[in-house]
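Printed here is start.cif (mmCIF, C-alpha atoms):
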data_upload
#
loop_
_atom_site.label_atom_id
_atom_site.label_comp_id
_atom_site.auth_asym_id
_atom_site.auth_seq_id
_atom_site.Cartn_x
_atom_site.Cartn_y
_atom_site.Cartn_z
CA GLU M 1 18.46 -36.91 10.29
CA LEU M 2 18.68 -38.08 6.68
CA LEU M 3 22.48 -38.30 6.90
CA ALA M 4 22.20 -40.74 9.80
CA LYS M 5 19.82 -42.95 7.75
CA MET M 6 22.04 -43.00 4.65
CA PRO M 7 22.80 -46.54 3.44
CA PRO M 8 26.53 -47.43 3.27
CA ASP M 9 28.50 -46.92 0.05
CA PHE M 10 29.13 -49.71 -2.45
CA VAL M 11 32.84 -49.77 -3.33
CA GLU M 12 33.29 -50.73 -6.98
CA GLU M 13 36.49 -52.80 -6.50
CA ILE M 14 34.80 -54.84 -3.77
CA PHE M 15 31.51 -55.55 -5.54
CA ARG M 16 33.32 -56.27 -8.83
CA ALA M 17 35.30 -59.01 -7.00
CA GLN M 18 32.10 -60.34 -5.39
CA ILE M 19 30.25 -60.54 -8.73
CA VAL M 20 33.12 -62.52 -10.30
CA LYS M 21 32.41 -65.25 -7.71
CA LEU M 22 28.61 -65.28 -8.25
CA LYS M 23 27.02 -68.28 -9.96
CA GLY M 24 25.09 -68.04 -13.21
CA PRO M 25 21.80 -69.67 -14.25
CA PRO M 26 21.42 -73.43 -13.57
CA GLN M 27 22.46 -75.95 -16.29
CA THR M 28 24.94 -73.51 -17.85
CA PRO M 29 28.69 -73.08 -17.34
CA ASP M 30 28.35 -69.27 -17.12
CA LYS M 31 29.40 -67.60 -13.92
CA GLY M 32 30.62 -64.17 -12.81
CA PHE M 33 30.54 -61.62 -15.63
CA ALA M 34 29.66 -64.29 -18.22
CA ALA M 35 26.06 -64.41 -16.92
CA PRO M 36 23.82 -61.58 -18.23
CA LEU M 37 21.99 -60.97 -14.93
CA ASN M 38 25.28 -60.65 -13.06
CA ILE M 39 26.34 -57.91 -15.50
CA PHE M 40 22.93 -56.31 -14.93
CA LEU M 41 23.52 -56.41 -11.14
CA PHE M 42 26.91 -54.73 -11.63
CA GLN M 43 25.33 -51.89 -13.65
CA GLU M 44 22.53 -51.46 -11.11
CA LEU M 45 25.05 -51.24 -8.25
CA GLN M 46 27.04 -48.60 -10.18
CA ARG M 47 23.89 -46.53 -10.73
CA LEU M 48 22.71 -46.85 -7.13
CA GLN M 49 26.17 -45.95 -5.81
CA ASN M 50 26.13 -42.87 -8.06
CA ILE M 51 22.82 -41.79 -6.47
CA ILE M 52 24.04 -42.54 -2.91
CA ALA M 53 27.18 -40.45 -3.55
CA ILE M 54 25.14 -37.50 -4.92
CA VAL M 55 22.72 -37.57 -1.97
CA ARG M 56 25.47 -37.91 0.63
CA SER M 57 27.60 -35.06 -0.76
CA GLY M 58 24.48 -32.90 -1.22
CA LEU M 59 23.38 -33.39 2.40
CA ILE M 60 26.88 -32.76 3.78
CA SER M 61 27.17 -29.55 1.72
CA VAL M 62 23.77 -28.31 2.95
CA VAL M 63 24.74 -28.97 6.60
CA MET M 64 28.05 -27.15 6.08
CA ALA M 65 26.31 -24.23 4.39
CA ILE M 66 23.87 -23.90 7.31
CA ASP M 67 26.82 -23.88 9.72
CA GLY M 68 28.50 -21.24 7.58
CA THR M 69 31.56 -23.39 6.76
CA VAL M 70 30.96 -23.11 3.00
CA VAL M 71 29.28 -20.42 0.90
CA MET M 72 25.53 -20.98 0.32
CA THR M 73 25.23 -21.31 -3.48
CA THR M 74 21.97 -21.15 -5.46
CA ASP M 75 22.12 -24.96 -5.92
CA LEU M 76 22.44 -25.52 -2.18
CA LEU M 77 19.66 -23.04 -1.48
CA GLU M 78 17.42 -24.94 -3.93
CA ASP M 79 18.28 -28.27 -2.22
CA LEU M 80 17.61 -26.77 1.21
CA GLY M 81 14.25 -25.39 0.08
CA SER M 82 13.24 -28.79 -1.32
CA ILE M 83 14.27 -30.68 1.84
CA PHE M 84 12.44 -28.11 3.99
CA ASP M 85 9.25 -28.64 1.92
CA ALA M 86 9.74 -32.46 2.09
CA ARG M 87 10.19 -32.57 -1.68
CA VAL M 88 12.97 -34.47 -3.46
CA PRO M 89 15.78 -32.11 -4.58
CA ARG M 90 15.99 -32.01 -8.37
CA ARG M 91 19.69 -32.90 -8.35
CA TRP M 92 18.85 -36.28 -6.78
CA THR M 93 16.46 -37.34 -9.53
CA ASN M 94 17.87 -35.72 -12.68
CA ASP M 95 21.38 -34.99 -13.90
CA ALA M 96 22.50 -31.65 -15.37
CA SER M 97 21.13 -32.56 -18.82
CA GLY M 98 17.69 -33.25 -17.32
CA ALA M 99 17.90 -37.03 -17.84
CA GLU M 100 16.34 -39.14 -15.10
CA ILE M 101 18.97 -40.84 -12.91
CA SER M 102 16.84 -42.17 -10.03
CA TRP M 103 13.09 -42.60 -9.41
CA LEU M 104 10.42 -39.91 -9.22
CA MET M 105 8.43 -39.52 -6.02
CA PRO M 106 6.19 -36.67 -4.81
CA ASN M 107 7.61 -36.62 -1.28
CA LEU M 108 11.05 -36.98 0.26
CA GLY M 109 10.08 -39.63 2.82
CA GLY M 110 8.90 -42.10 0.19
CA TRP M 111 11.91 -41.43 -2.01
CA PHE M 112 14.36 -42.00 0.83
CA THR M 113 12.64 -45.21 1.93
CA GLY M 114 12.97 -46.33 -1.71
CA LEU M 115 16.70 -45.63 -1.57
CA THR M 116 17.26 -47.80 1.52
CA GLU M 117 15.01 -50.61 0.21
CA ARG M 118 16.86 -50.70 -3.11
CA GLN M 119 20.19 -50.81 -1.30
CA ILE M 120 18.98 -53.74 0.84
CA MET M 121 17.70 -55.70 -2.19
CA LEU M 122 20.85 -55.27 -4.30
CA ASN M 123 23.06 -55.99 -1.30
CA THR M 124 21.18 -59.23 -0.53
CA TRP M 125 21.58 -60.33 -4.16
CA LEU M 126 25.29 -59.42 -4.10
CA GLU M 127 26.09 -61.10 -0.77
CA THR M 128 24.06 -64.31 -1.14
CA GLY M 129 23.76 -64.80 -4.91
CA ARG M 130 20.63 -65.62 -6.89
CA GLN M 131 19.95 -68.85 -4.98
CA VAL M 132 18.20 -66.75 -2.31
CA MET M 133 16.36 -64.38 -4.69
CA LYS M 134 13.00 -66.14 -4.98
CA SER M 135 11.43 -63.00 -6.40
CA TYR M 136 12.76 -59.62 -7.57
CA TRP M 137 11.18 -56.27 -6.75
CA LEU M 138 10.84 -54.88 -10.28
CA THR M 139 10.23 -51.30 -9.07
CA GLY M 140 13.64 -51.34 -7.38
CA PHE M 141 15.59 -51.47 -10.64
CA THR M 142 16.59 -48.28 -12.42
CA ASN M 143 16.59 -50.24 -15.68
CA ALA M 144 13.78 -52.81 -15.46
CA GLN M 145 13.97 -53.59 -19.20
CA GLY M 146 17.60 -54.58 -18.73
CA PHE M 147 16.55 -57.14 -16.12
CA LEU M 148 14.00 -58.72 -18.47
CA THR M 149 16.48 -58.72 -21.37
CA GLY M 150 19.14 -60.37 -19.20
CA MET M 151 16.61 -62.99 -18.14
CA ARG M 152 15.73 -63.71 -21.79
CA GLN M 153 19.42 -64.10 -22.68
CA GLU M 154 19.94 -66.55 -19.83
CA VAL M 155 16.94 -68.71 -20.77
CA THR M 156 18.12 -68.74 -24.39
CA ARG M 157 21.53 -70.00 -23.24
CA GLN M 158 19.88 -72.69 -21.13
CA HIS M 159 18.20 -73.92 -24.34
CA LYS M 160 21.41 -74.07 -26.34
CA ARG M 161 20.66 -77.69 -27.27
CA ASP M 162 17.29 -76.72 -28.75
CA GLN M 163 19.16 -74.12 -30.87
CA TRP M 164 17.08 -71.17 -29.72
CA ALA M 165 18.07 -67.82 -31.23
CA LEU M 166 17.74 -64.69 -29.10
CA ASP M 167 15.83 -62.95 -31.93
CA ASP M 168 13.11 -65.64 -31.94
CA VAL M 169 12.64 -65.64 -28.18
CA ILE M 170 9.66 -63.82 -26.67
CA SER M 171 8.75 -63.02 -23.06
CA HIS M 172 6.09 -65.17 -21.46
CA THR M 173 4.41 -64.35 -18.15
CA GLU M 174 2.25 -66.26 -15.71
CA VAL M 175 0.48 -64.50 -12.86
CA LEU M 176 0.89 -66.70 -9.78
CA ALA M 177 -1.92 -67.37 -7.33
CA PHE M 178 -0.04 -65.96 -4.31
CA ASP M 179 2.23 -63.14 -3.13
CA HIS M 180 6.03 -63.21 -3.30
CA GLU M 181 6.40 -64.08 0.40
CA ARG M 182 4.90 -67.51 -0.26
CA ILE M 183 7.20 -68.50 -3.11
CA LYS M 184 8.94 -71.70 -2.05
CA GLU M 185 11.92 -71.94 -4.38
CA VAL M 186 13.82 -70.21 -7.17
CA PRO M 187 12.59 -71.27 -10.65
CA GLU M 188 14.95 -73.34 -12.84
CA GLU M 189 14.59 -70.87 -15.69
CA GLY M 190 13.05 -67.42 -15.81
CA GLN M 191 12.48 -65.31 -12.67
CA ASN M 192 9.66 -64.23 -10.36
CA ILE M 193 8.90 -60.52 -10.03
CA HIS M 194 6.69 -58.58 -7.61
CA GLY M 195 5.74 -55.03 -6.68
CA LEU M 196 3.31 -54.31 -9.54
CA PHE M 197 -0.11 -52.69 -9.21
CA ILE M 198 -3.12 -52.88 -11.52
CA GLU M 199 -5.22 -49.83 -12.44
CA GLY M 200 -8.70 -49.87 -13.98
CA GLY M 201 -9.49 -53.39 -12.82
CA ARG M 202 -8.38 -56.01 -10.35
CA TRP M 203 -6.89 -59.47 -10.46
CA ASN M 204 -9.32 -62.06 -9.16
CA ARG M 205 -7.20 -64.73 -7.46
CA SER M 206 -10.07 -66.96 -6.38
CA ALA M 207 -11.03 -68.01 -9.92
CA ASP M 208 -9.19 -71.04 -11.33
CA GLY M 209 -5.72 -69.72 -12.13
CA GLY M 210 -6.94 -66.14 -11.62
CA ARG M 211 -8.39 -63.70 -14.15
CA LEU M 212 -9.10 -60.01 -14.78
CA ASP M 213 -12.14 -58.62 -12.97
CA GLU M 214 -13.94 -55.31 -12.39
CA SER M 215 -12.24 -53.09 -9.80
CA GLU M 216 -13.86 -52.57 -6.42
CA PRO M 217 -15.36 -49.12 -5.71
CA LYS M 218 -12.96 -46.41 -4.52
CA LYS M 219 -9.92 -48.65 -5.04
CA LEU M 220 -7.79 -47.03 -7.70
CA PHE M 221 -4.76 -49.33 -7.51
CA VAL M 222 -4.77 -52.97 -6.45
CA GLY M 223 -1.58 -54.90 -5.73
CA MET M 224 -0.84 -57.81 -8.07
CA PRO M 225 0.39 -61.20 -6.85
CA ALA M 226 3.87 -62.36 -7.84
CA ILE M 227 4.40 -62.83 -11.59
CA TYR M 228 6.61 -65.50 -13.14
CA VAL M 229 8.48 -64.17 -16.19
CA THR M 230 10.34 -66.45 -18.56
CA ALA M 231 11.29 -66.66 -22.21
CA THR M 232 10.03 -69.06 -24.85
CA THR M 233 9.70 -69.33 -28.61
CA ALA M 234 6.39 -68.66 -30.34
CA LYS M 235 6.30 -72.32 -31.46
CA ASP M 236 6.72 -73.67 -27.90
CA LEU M 237 4.13 -71.22 -26.58
CA LYS M 238 1.54 -72.55 -29.05
CA GLY M 239 2.41 -76.07 -27.96
CA LYS M 240 1.64 -75.22 -24.33
CA GLY M 241 -1.93 -74.27 -25.31
CA ILE M 242 -2.54 -71.84 -22.45
CA ASP M 243 -6.17 -70.95 -21.84
CA TYR M 244 -6.61 -67.17 -21.77
CA GLY M 245 -10.41 -67.27 -21.82
CA PRO M 246 -12.99 -67.48 -24.65
CA PHE M 247 -11.93 -64.26 -26.44
CA GLY M 248 -8.18 -64.55 -26.00
CA PRO M 249 -5.90 -62.60 -23.65
CA TYR M 250 -5.85 -58.90 -22.78
CA ASN M 251 -2.48 -57.47 -23.77
CA SER M 252 -1.65 -55.13 -20.90
CA ALA M 253 1.15 -52.59 -20.74
CA VAL M 254 3.36 -52.33 -17.66
CA TYR M 255 4.46 -48.77 -16.85
CA LYS M 256 7.04 -47.46 -14.43
CA TYR M 257 4.83 -44.59 -13.19
CA PRO M 258 1.10 -43.78 -13.34
CA LYS M 259 1.97 -41.23 -16.05
CA ARG M 260 1.48 -43.33 -19.15
CA ASN M 261 3.82 -42.72 -22.04
CA ASP M 262 6.36 -44.65 -24.12
CA ARG M 263 9.24 -43.42 -22.01
CA TYR M 264 7.90 -45.19 -18.93
CA LEU M 265 6.77 -48.41 -20.66
CA ILE M 266 8.62 -51.43 -19.23
CA PHE M 267 7.07 -54.35 -21.13
CA ARG M 268 3.69 -55.92 -22.02
CA LEU M 269 2.07 -59.02 -20.62
CA LEU M 270 -0.98 -61.15 -21.44
CA LEU M 271 -3.74 -61.46 -18.83
CA LYS M 272 -6.50 -64.07 -18.75
CA THR M 273 -10.02 -62.65 -19.13
CA ASP M 274 -13.56 -64.04 -19.49
CA LEU M 275 -14.75 -60.82 -21.16
CA HIS M 276 -13.62 -59.45 -24.51
CA PRO M 277 -10.18 -57.71 -24.31
CA TYR M 278 -11.77 -54.53 -25.74
CA HIS M 279 -13.82 -54.25 -22.54
CA TRP M 280 -10.59 -53.77 -20.57
CA LYS M 281 -9.09 -51.54 -23.23
CA LEU M 282 -11.99 -49.13 -22.72
CA ARG M 283 -11.43 -49.35 -18.96
CA GLY M 284 -7.80 -48.40 -19.58
CA VAL M 285 -6.49 -51.35 -17.61
CA CYS M 286 -2.72 -51.44 -17.18
CA LEU M 287 -0.06 -52.35 -14.64
CA MET M 288 2.22 -49.93 -12.78
CA ALA M 289 5.43 -50.35 -10.83
CA GLN M 290 4.61 -47.31 -8.65
CA THR M 291 1.33 -45.73 -7.61
CA GLU M 292 2.53 -42.14 -7.27
#

As a first step, turn the structure in this file into structure tokens.
Amino acid sequence: ELLAKMPPDFVEEIFRAQIVKLKGPPQTPDKGFAAPLNIFLFQELQRLQNIIAIVRSGLISVVMAIDGTVVMTTDLLEDLGSIFDARVPRRWTNDASGAEISWLMPNLGGWFTGLTERQIMLNTWLETGRQVMKSYWLTGFTNAQGFLTGMRQEVTRQHKRDQWALDDVISHTEVLAFDHERIKEVPEEGQNIHGLFIEGGRWNRSADGGRLDESEPKKLFVGMPAIYVTATTAKDLKGKGIDYGPFGPYNSAVYKYPKRNDRYLIFRLLLKTDLHPYHWKLRGVCLMAQTE
């Protein structure tokens, strides 16, 4: 069943040629491999293809071992046991050294859906270019930091005239008032991201511009609206004079999984709050890319 649902392979020669033709950020001459986010897309496609190849060969081997065409090894037996229990085989999520190569999920169904969704997103980006990508699903990237770094590099290049240096540039986020489906157009600089959840509180969209609020009972995770991420210098940020509430913003961490540690930290963002930021710190408020 899983073999029939497998997404098609990405062939490196083909997608390399496609990326060369892709446009770069607006107002810059960069295109193809000169644009940071296009390089990022290339690396993501390589990683995803690596996972697709591992899964496909693993499934074919298991089927052959059941038929008796090949010898049932301990590895294949382990894979078969995992698939039978609807767990994700270890070889699909970690390489031989134990390093994480894909995403962690408690059940096989969710993991496999993730595989097809990631393939669809990257394929859309590859086929149609960034003009169509109004918002990016942050959870779908194996290296989310790389995406944000690439975005910062592109914005810095767009401000070549202002002589911005990459070292002085900081990330700046704005939580939008709506979900990613309602985004009308692609931003001139920076990118929109979606797919994050908040734990320990909720985002109140009805207030002017939205703010942090107490979570509703029995709701552990609440989906966040789309978030606009861009880069700016500290000087320009002060000039904007953004109102984060009377006590200043709450500096929230964004994690890849609900397990909170430095290894899974993606980045930090500032959230508007009417209460003191310490109030939310005690609540342990943070954002996640996945809820399991």

For Gly284 in chain M, list every protein, DNA or RNA residue within 8 Å, evaluated using only C-alpha atoms, and leave out those in the same chain fewer than 3 positions away; present the list as a PDB file with C-alpha atoms, keeping the file's coordinate frame.
ATOM      1  CA  GLU M 199      -5.220 -49.830 -12.440  1.00  0.00           C
ATOM      2  CA  GLY M 200      -8.700 -49.870 -13.980  1.00  0.00           C
ATOM      3  CA  TRP M 280     -10.590 -53.770 -20.570  1.00  0.00           C
ATOM      4  CA  LYS M 281      -9.090 -51.540 -23.230  1.00  0.00           C
TER       5      LYS M 281
END

Gly58 in chain M environment, 10 Å, all atoms listed in the file, sequence neighbours closer than 3 positions dropped, as a ChimeraX atom specification: /M:3,52-55,61-64,75-76,79-80,89,91-92

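Minimum atom-to-atom distances from M:Lys184, M:Thr116, M:Arg157, M:Asn107 to Met133 in chain M were compared using all atoms listed in the file, and the lowest value belongs to M:Lys184.
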
Once you count all atoms listed in the file, what closest atom pair and distance in Å to one decimal does each residue of range 66-127 of chain M within 12 Å of range 27-38 of chain M have, with rows by chain and rising residue number, as CSV?
residue,atom,partner,partner_atom,distance
M:Leu122,CA,M:Asn38,CA,11.2
M:Trp125,CA,M:Asn38,CA,9.6
M:Leu126,CA,M:Asn38,CA,9.0

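You will find CA of Leu287 in chain M at 10.7 Å from CA of Trp203 in chain M.
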
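With distances taken over all atoms listed in the file, M:Lys134 is the one residue among M:Arg211, M:Arg202, M:Arg152, M:Lys134 lying closest to His180 in chain M.
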
Selection result of the PyMOL selection byres ((chain M and resi 262-279) around 7) on this file, as a VMD selection string: chain M and resid 144 to 145 173 211 to 212 244 to 247 249 to 257 260 to 261 280 to 283

Explicit residues for the PyMOL selection byres ((chain M and resi 216) around 12) (as a ChimeraX atom specification): /M:198-204,213-215,217-222

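Of the residues under consideration (M:Thr69, M:His194, M:Val285, M:Leu2), M:Leu2 shows the shortest atom-to-atom contact distance to Gly109 in chain M when counting all atoms listed in the file.
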